[in-house]
Amino acid sequence: MASTCRAGRSPLTDSVRTRFAPSPTGFPHVGGMRTALFAWLFARHNQGSFILRIEDTDVERSVEGSLEYILEGMRWLGMDWDEGPGVGGDYGPYVQSQRLHLYQDAARRLVESGHAYYCYCSAERLETLRTEQIKRKMPPGYDRRCRNLTTEQRKAKEAEGITPVVRFKIPLTGRTRFHDEIWGDVVFENSHVEDLVLLKSDGYPTYHLANVVDDHAMEISHVIRAEEYISSTPLHLMTYEALGYVPPKFAHLPMVLGHDRSKLSKRHGATSVLEFREQGYLPEALLNFLALVGWSLDDKTDIISRDELIKNFSLERVSKTAAIFNHEKLKWMNGVYIRKLTPEDFARRCFPFIEKAFPENIPSVDYVRAVLSLVQERTKLLTEVSELTRYFFSDRLNYDAKLLISKDMTPESTRQMLIMAKERLEKQPGFDEKSLESILRPLAEELKLKTGQLFGALRTAVSGETATPPLFQMMAVLGRERCLIRIQEAISKLATL
RNA sequence: GGCGCAUUCGUCUAGCGGCCUAGGACGCGUCCCUCUCAAGGACGAGAUCAUGGGUUCGAAUCCCAUAUGCGCUACCA
């Protein structure tokens, strides 16, 4: 796209550079990850660079260990970064708390050039000011009391030992307009923009300053971020200009909502991508799903591979409307991806869940594979496999004997039927799917029973369940000995009815 | 309250003036397949394109109001 040479960006590096800039204040939220995904896709589509930058400028909200979770979430989804924590890069450090002097310098320059000023107002004054404004139905905001302090007044405040903050001196008139890659042209009256704080009294920058300074320093070409920042974009633009920087392009992404149309949060279910992993979701499914929250390829495609996503992603097809996170569709999509897995891959991914559920009862890897191949197309979540395969690993069946009795059958007729079946099975040399079918089907005919009546009873006898994979396949995997024992148990159970 | 933005089936969306008696997907229902459950296939219900005015030969698509929703309105990001 833009290939004009501009200040701060050399022709050599004038390519697409996007970034994801999370603050380490919690888990990797799917909303944030969706934002990261779009920035990542845009960079990859344009053979650009994707940068990961940590915005840890809020000391109070910073949560120990959360950075590692965020990185883990990114890695799990397969979003690799070209620069940032763990990989380095030419524009580091990529952690804002290690770049404080840059922001402090910028703030000082801004004050010196008259674009910003020191503010000595206390948090208390600001607080009472705000509550008073709200009470009188006035728009809340800073009243610019310190905007025009004289040198003497400032000296007096300094003498009191007050550490000031730096606020941007927003022009009182005029308007700021910009072109958003997704929203189009947006215009704001400058008089509605506040003199926001750029540098806090603890020496840390606010998001507004740190963002501008770093996006410029890191030569970010496209700022792709959530919709909530659109209102502060005019301030950012003014800051770029005041600092003498050429601003990047902006693209604001629509929000991700919960089912009640409020911002997606914990009460809407899982919101951390790591939680989705624990619940048995496949990263490729989540990635596909997330890509479709606010973006579409065309009027009919739902299942899109990572490569296709990269190949086809464009900002033009990003929607402007907030989207509700549809867990049902994600689950369906996960099922689609599970079915697409090779049996080996499916087994590999399920193994941890099986091992966890049946630590003492795993005879062999081959057995587990055989079992899993029977349930693959029946599972929507990896976590379901333990439930789906329980009777393959445990001999305690615990079912109600009544479940053995099919329609139009009695306990006694069912018992007789199972006795016959057991005799035939004992005599049958092979125990594979084919030979099982070759004796069980004729048996049903011989007894003048519907296949469902015989097979249903055997199914329950052998598994304790009424819904299982196909009977013969299941029995073949369970093995002759186990099946015969279970059928005998069923026969005994029926006798007590 | 102010500012900004949005508004197509329950949900995700296609649509960028005539191809729309609005298409696809999830979910839902019926049927087929079938030893059960899935998967798969077929069909169906489901949107007066938020409402009201314009513009136009013609509007879901353009314009203006209204309503509703969302975002911002922090020494949080």
# chains A, B, ... in the order shown; residues from 1 in each chain; ligands from 1
>>> residues_around(residues="segment 338-342 of chain A", least_positions_apart="4", cutoff="10 Å", atoms="only C-alpha atoms (C1' of nucleotides)", output="MDAnalysis selection string")
(chainID A and resid 281:282 284:285 332:334 346:349 373 375:382) or (chainID B and resid 39)
>>> write_last_selection(atoms="C-alpha atoms (C1' of nucleotides)", output="compact mmCIF listing (two decimals), in the first residue's frame")
# COMPACT_ATOMS: atom_id res chain seq x y z
CA TYR A 281 -10.67 -26.86 21.77
CA LEU A 282 -8.19 -27.10 18.94
CA GLU A 284 -6.78 -24.12 14.60
CA ALA A 285 -10.52 -24.15 15.28
CA TRP A 332 -19.44 -27.00 15.93
CA MET A 333 -16.33 -25.72 14.24
CA ASN A 334 -14.15 -27.59 16.69
CA PHE A 346 -6.35 -37.09 16.91
CA ALA A 347 -4.92 -39.80 19.15
CA ARG A 348 -1.88 -37.71 19.90
CA ARG A 349 -4.01 -34.77 20.99
CA SER A 373 -10.49 -44.06 16.13
CA VAL A 375 -14.96 -41.87 18.71
CA GLN A 376 -13.21 -39.30 16.59
CA GLU A 377 -16.19 -38.32 14.50
CA ARG A 378 -18.34 -38.24 17.62
CA THR A 379 -16.33 -35.74 19.58
CA LYS A 380 -16.69 -32.02 19.54
CA LEU A 381 -14.31 -31.31 22.39
CA LEU A 382 -11.14 -33.20 23.23
C1' A B 39 -21.20 -37.94 10.77
>>> residues_around(residues="Asn326 of chain A", least_positions_apart="3", cutoff="7 Å", atoms="only C-alpha atoms (C1' of nucleotides)", output="list in words")
Lys329 and Leu330 of chain A; U11 of chain B
>>> atom_distance(atom1="atom CA of Ser438 of chain A", atom2="atom CA of Met474 of chain A")
15.2 Å
>>> closest_atom_pairs(of="chain A", to="chain B", cutoff="8 Å", atoms="only C-alpha atoms (C1' of nucleotides)", output="tab-separated table")
residue	atom	partner	partner_atom	distance
A:Ser23	CA	B:A77	C1'	7.0
A:Asp58	CA	B:C76	C1'	7.2
A:Arg61	CA	B:C76	C1'	7.9
A:Ala123	CA	B:C75	C1'	7.7
A:Lys137	CA	B:G1	C1'	5.4
A:Met138	CA	B:G1	C1'	6.0
A:Pro139	CA	B:G2	C1'	5.8
A:Pro140	CA	B:U73	C1'	6.8
A:Gly141	CA	B:U73	C1'	7.3
A:Val165	CA	B:C75	C1'	6.9
A:Phe188	CA	B:C3	C1'	7.6
A:His192	CA	B:C3	C1'	6.5
A:Val197	CA	B:C75	C1'	6.6
A:Leu199	CA	B:C75	C1'	7.6
A:Lys200	CA	B:C75	C1'	4.6
A:Ser201	CA	B:C75	C1'	6.3
A:Thr206	CA	B:C75	C1'	7.9
A:Tyr207	CA	B:A77	C1'	6.1
A:Glu227	CA	B:G71	C1'	6.8
A:Glu228	CA	B:G71	C1'	5.2
A:Tyr229	CA	B:C72	C1'	7.5
A:Ile230	CA	B:C72	C1'	7.8
A:Ser231	CA	B:C72	C1'	5.3
A:Ser232	CA	B:C72	C1'	7.4
A:Leu292	CA	B:C12	C1'	7.6
A:Val293	CA	B:C12	C1'	7.1
A:Ser296	CA	B:U13	C1'	7.3
A:Asp298	CA	B:A14	C1'	6.4
A:Asp299	CA	B:A14	C1'	4.0
A:Lys300	CA	B:G24	C1'	4.4
A:Thr301	CA	B:G24	C1'	7.6
A:Asp302	CA	B:A25	C1'	6.6
A:Lys320	CA	B:A6	C1'	6.9
A:Thr321	CA	B:A6	C1'	5.8
A:Ala322	CA	B:C70	C1'	7.6
A:Ala323	CA	B:C12	C1'	7.4
A:Ile324	CA	B:U11	C1'	7.2
A:Asn326	CA	B:U11	C1'	6.4
A:Glu328	CA	B:C26	C1'	6.7
A:Lys329	CA	B:C26	C1'	4.7
A:Trp332	CA	B:C26	C1'	7.4
A:Glu377	CA	B:A39	C1'	6.3
A:Arg378	CA	B:A38	C1'	4.8
A:Thr451	CA	B:C35	C1'	5.9
A:Gly452	CA	B:C35	C1'	4.9
A:Phe455	CA	B:C35	C1'	5.1
A:Gly456	CA	B:C35	C1'	6.5
A:Arg459	CA	B:U36	C1'	8.0
A:Thr466	CA	B:U36	C1'	6.0
A:Ala467	CA	B:C37	C1'	4.4
A:Thr468	CA	B:C37	C1'	5.6
A:Pro469	CA	B:C37	C1'	6.9
A:Pro470	CA	B:C35	C1'	7.2
A:Leu471	CA	B:C35	C1'	6.8
>>> atom_distance(atom1="atom CA of Glu433 of chain A", atom2="atom CA of Lys448 of chain A")
22.4 Å
>>> atom_distance(atom1="atom C1' of G17 of chain B", atom2="atom C1' of C62 of chain B")
8.2 Å
>>> residues_around(residues="segment 46-61 of chain B", least_positions_apart="3", cutoff="10 Å", atoms="only C-alpha atoms (C1' of nucleotides)", output="PyMOL selection string")
chain B and resi 7-10+15-18+20+22+28+64-68
>>> residues_around(residues="segment 94-110 of chain A", least_positions_apart="3", cutoff="9 Å", atoms="only C-alpha atoms (C1' of nucleotides)", output="ChimeraX atom specification")
/A:51-57,83-85,88-89,91,113-117,166-168,198-199,203-205,209-210,213-214,239,242-243
>>> write_last_selection(atoms="C-alpha atoms", output="mmCIF file, in the first residue's frame")
data_model
loop_
_atom_site.group_PDB
_atom_site.id
_atom_site.type_symbol
_atom_site.label_atom_id
_atom_site.label_comp_id
_atom_site.auth_asym_id
_atom_site.auth_seq_id
_atom_site.Cartn_x
_atom_site.Cartn_y
_atom_site.Cartn_z
ATOM 1 C CA ILE A 51 5.666 -6.983 16.715
ATOM 2 C CA LEU A 52 4.699 -7.857 20.233
ATOM 3 C CA ARG A 53 5.050 -5.050 22.724
ATOM 4 C CA ILE A 54 4.253 -5.184 26.399
ATOM 5 C CA GLU A 55 2.461 -2.167 27.795
ATOM 6 C CA ASP A 56 3.152 -2.464 31.490
ATOM 7 C CA THR A 57 2.745 1.184 32.352
ATOM 8 C CA GLU A 83 10.081 -8.842 17.304
ATOM 9 C CA GLY A 84 9.316 -8.735 20.977
ATOM 10 C CA PRO A 85 9.784 -10.698 24.173
ATOM 11 C CA GLY A 88 14.404 -9.515 20.414
ATOM 12 C CA GLY A 89 14.597 -7.166 17.463
ATOM 13 C CA TYR A 91 13.640 -1.668 18.029
ATOM 14 C CA SER A 113 7.368 23.347 22.713
ATOM 15 C CA GLY A 114 4.198 24.523 24.379
ATOM 16 C CA HIS A 115 2.108 21.489 23.424
ATOM 17 C CA ALA A 116 1.805 20.248 26.977
ATOM 18 C CA TYR A 117 1.896 21.590 30.492
ATOM 19 C CA VAL A 166 2.066 16.342 32.155
ATOM 20 C CA ARG A 167 -1.116 17.096 30.256
ATOM 21 C CA PHE A 168 -1.559 17.706 26.584
ATOM 22 C CA LEU A 198 0.481 11.979 29.127
ATOM 23 C CA LEU A 199 2.958 11.413 31.914
ATOM 24 C CA GLY A 203 7.115 8.995 35.945
ATOM 25 C CA TYR A 204 5.259 6.360 33.941
ATOM 26 C CA PRO A 205 3.536 7.374 30.719
ATOM 27 C CA LEU A 209 1.922 8.873 25.244
ATOM 28 C CA ALA A 210 3.584 5.485 25.343
ATOM 29 C CA VAL A 213 6.185 7.283 21.180
ATOM 30 C CA ASP A 214 6.587 3.552 20.640
ATOM 31 C CA THR A 239 0.597 14.124 19.824
ATOM 32 C CA ALA A 242 3.354 17.975 18.177
ATOM 33 C CA LEU A 243 6.274 15.587 18.328
#
>>> decode(residues="segment 36-150 of chain A", atoms="C-alpha atoms", output="tab-separated table (two decimals), in the first residue's frame")
chain	number	residue	atom	x	y	z
A	36	ALA	CA	-3.87	-9.69	17.83
A	37	LEU	CA	-5.01	-12.11	15.15
A	38	PHE	CA	-6.14	-9.37	12.79
A	39	ALA	CA	-2.90	-7.46	13.25
A	40	TRP	CA	-0.97	-10.67	12.73
A	41	LEU	CA	-2.95	-11.66	9.64
A	42	PHE	CA	-2.53	-8.21	8.16
A	43	ALA	CA	1.22	-8.35	8.66
A	44	ARG	CA	1.54	-11.86	7.29
A	45	HIS	CA	-0.70	-11.10	4.32
A	46	ASN	CA	1.54	-8.20	3.41
A	47	GLN	CA	4.81	-9.99	4.13
A	48	GLY	CA	5.33	-7.47	6.87
A	49	SER	CA	6.45	-7.76	10.45
A	50	PHE	CA	4.39	-8.46	13.49
A	51	ILE	CA	5.67	-6.98	16.71
A	52	LEU	CA	4.70	-7.86	20.23
A	53	ARG	CA	5.05	-5.05	22.72
A	54	ILE	CA	4.25	-5.18	26.40
A	55	GLU	CA	2.46	-2.17	27.79
A	56	ASP	CA	3.15	-2.46	31.49
A	57	THR	CA	2.75	1.18	32.35
A	58	ASP	CA	0.09	0.65	34.98
A	59	VAL	CA	2.04	-0.56	37.95
A	60	GLU	CA	-1.10	-1.06	40.04
A	61	ARG	CA	-2.99	-3.24	37.61
A	62	SER	CA	-0.04	-5.29	36.53
A	63	VAL	CA	-0.47	-8.95	37.42
A	64	GLU	CA	2.47	-11.17	38.16
A	65	GLY	CA	2.83	-13.99	35.67
A	66	SER	CA	0.20	-12.79	33.26
A	67	LEU	CA	2.73	-11.94	30.59
A	68	GLU	CA	3.72	-15.57	30.36
A	69	TYR	CA	0.07	-16.57	29.95
A	70	ILE	CA	-0.38	-14.09	27.15
A	71	LEU	CA	2.69	-15.36	25.35
A	72	GLU	CA	1.49	-18.90	25.88
A	73	GLY	CA	-1.88	-18.04	24.39
A	74	MET	CA	-0.24	-16.47	21.36
A	75	ARG	CA	2.03	-19.44	20.86
A	76	TRP	CA	-0.79	-21.91	21.26
A	77	LEU	CA	-2.80	-20.19	18.57
A	78	GLY	CA	0.25	-20.11	16.35
A	79	MET	CA	0.64	-16.37	16.14
A	80	ASP	CA	4.36	-15.87	15.90
A	81	TRP	CA	5.96	-12.51	16.40
A	82	ASP	CA	9.01	-11.21	14.59
A	83	GLU	CA	10.08	-8.84	17.30
A	84	GLY	CA	9.32	-8.73	20.98
A	85	PRO	CA	9.78	-10.70	24.17
A	86	GLY	CA	11.81	-13.81	23.64
A	87	VAL	CA	12.89	-12.98	20.11
A	88	GLY	CA	14.40	-9.52	20.41
A	89	GLY	CA	14.60	-7.17	17.46
A	90	ASP	CA	16.17	-3.92	16.35
A	91	TYR	CA	13.64	-1.67	18.03
A	92	GLY	CA	13.81	-2.99	21.57
A	93	PRO	CA	13.37	-3.14	24.38
A	94	TYR	CA	9.81	-4.26	23.78
A	95	VAL	CA	8.64	-3.75	27.31
A	96	GLN	CA	7.51	-0.24	28.10
A	97	SER	CA	8.71	-0.17	31.67
A	98	GLN	CA	12.21	-0.44	30.19
A	99	ARG	CA	11.71	2.56	27.96
A	100	LEU	CA	10.62	5.15	30.48
A	101	HIS	CA	13.27	7.70	29.52
A	102	LEU	CA	11.85	7.84	26.00
A	103	TYR	CA	8.45	8.89	27.27
A	104	GLN	CA	9.89	11.30	29.78
A	105	ASP	CA	11.97	12.91	27.06
A	106	ALA	CA	8.96	13.19	24.80
A	107	ALA	CA	6.89	14.71	27.58
A	108	ARG	CA	9.58	17.24	28.30
A	109	ARG	CA	9.84	18.17	24.64
A	110	LEU	CA	6.11	18.61	24.49
A	111	VAL	CA	6.15	20.96	27.46
A	112	GLU	CA	9.06	22.92	26.06
A	113	SER	CA	7.37	23.35	22.71
A	114	GLY	CA	4.20	24.52	24.38
A	115	HIS	CA	2.11	21.49	23.42
A	116	ALA	CA	1.80	20.25	26.98
A	117	TYR	CA	1.90	21.59	30.49
A	118	TYR	CA	2.51	20.55	34.06
A	119	CYS	CA	-0.56	19.98	36.17
A	120	TYR	CA	-0.43	20.03	39.95
A	121	CYS	CA	-4.03	19.15	40.69
A	122	SER	CA	-4.45	16.46	43.28
A	123	ALA	CA	-6.36	13.26	42.73
A	124	GLU	CA	-8.83	14.46	45.37
A	125	ARG	CA	-9.55	17.71	43.58
A	126	LEU	CA	-10.04	15.86	40.31
A	127	GLU	CA	-12.38	13.47	42.02
A	128	THR	CA	-14.58	16.12	43.62
A	129	LEU	CA	-14.54	18.08	40.39
A	130	ARG	CA	-15.85	15.09	38.53
A	131	THR	CA	-18.59	14.17	40.98
A	132	GLU	CA	-19.68	17.79	41.05
A	133	GLN	CA	-19.86	17.91	37.27
A	134	ILE	CA	-21.85	14.73	37.07
A	135	LYS	CA	-24.21	15.98	39.77
A	136	ARG	CA	-24.87	19.13	37.79
A	137	LYS	CA	-25.25	17.12	34.58
A	138	MET	CA	-22.17	18.72	33.15
A	139	PRO	CA	-19.78	16.78	30.93
A	140	PRO	CA	-17.13	15.42	33.30
A	141	GLY	CA	-13.58	16.36	32.58
A	142	TYR	CA	-10.56	18.30	33.65
A	143	ASP	CA	-11.20	22.03	33.97
A	144	ARG	CA	-7.75	23.00	32.71
A	145	ARG	CA	-6.93	24.89	35.87
A	146	CYS	CA	-3.18	24.40	35.47
A	147	ARG	CA	-3.14	25.06	31.76
A	148	ASN	CA	-2.01	28.65	32.08
A	149	LEU	CA	-0.03	28.74	35.26
A	150	THR	CA	2.62	31.42	35.48
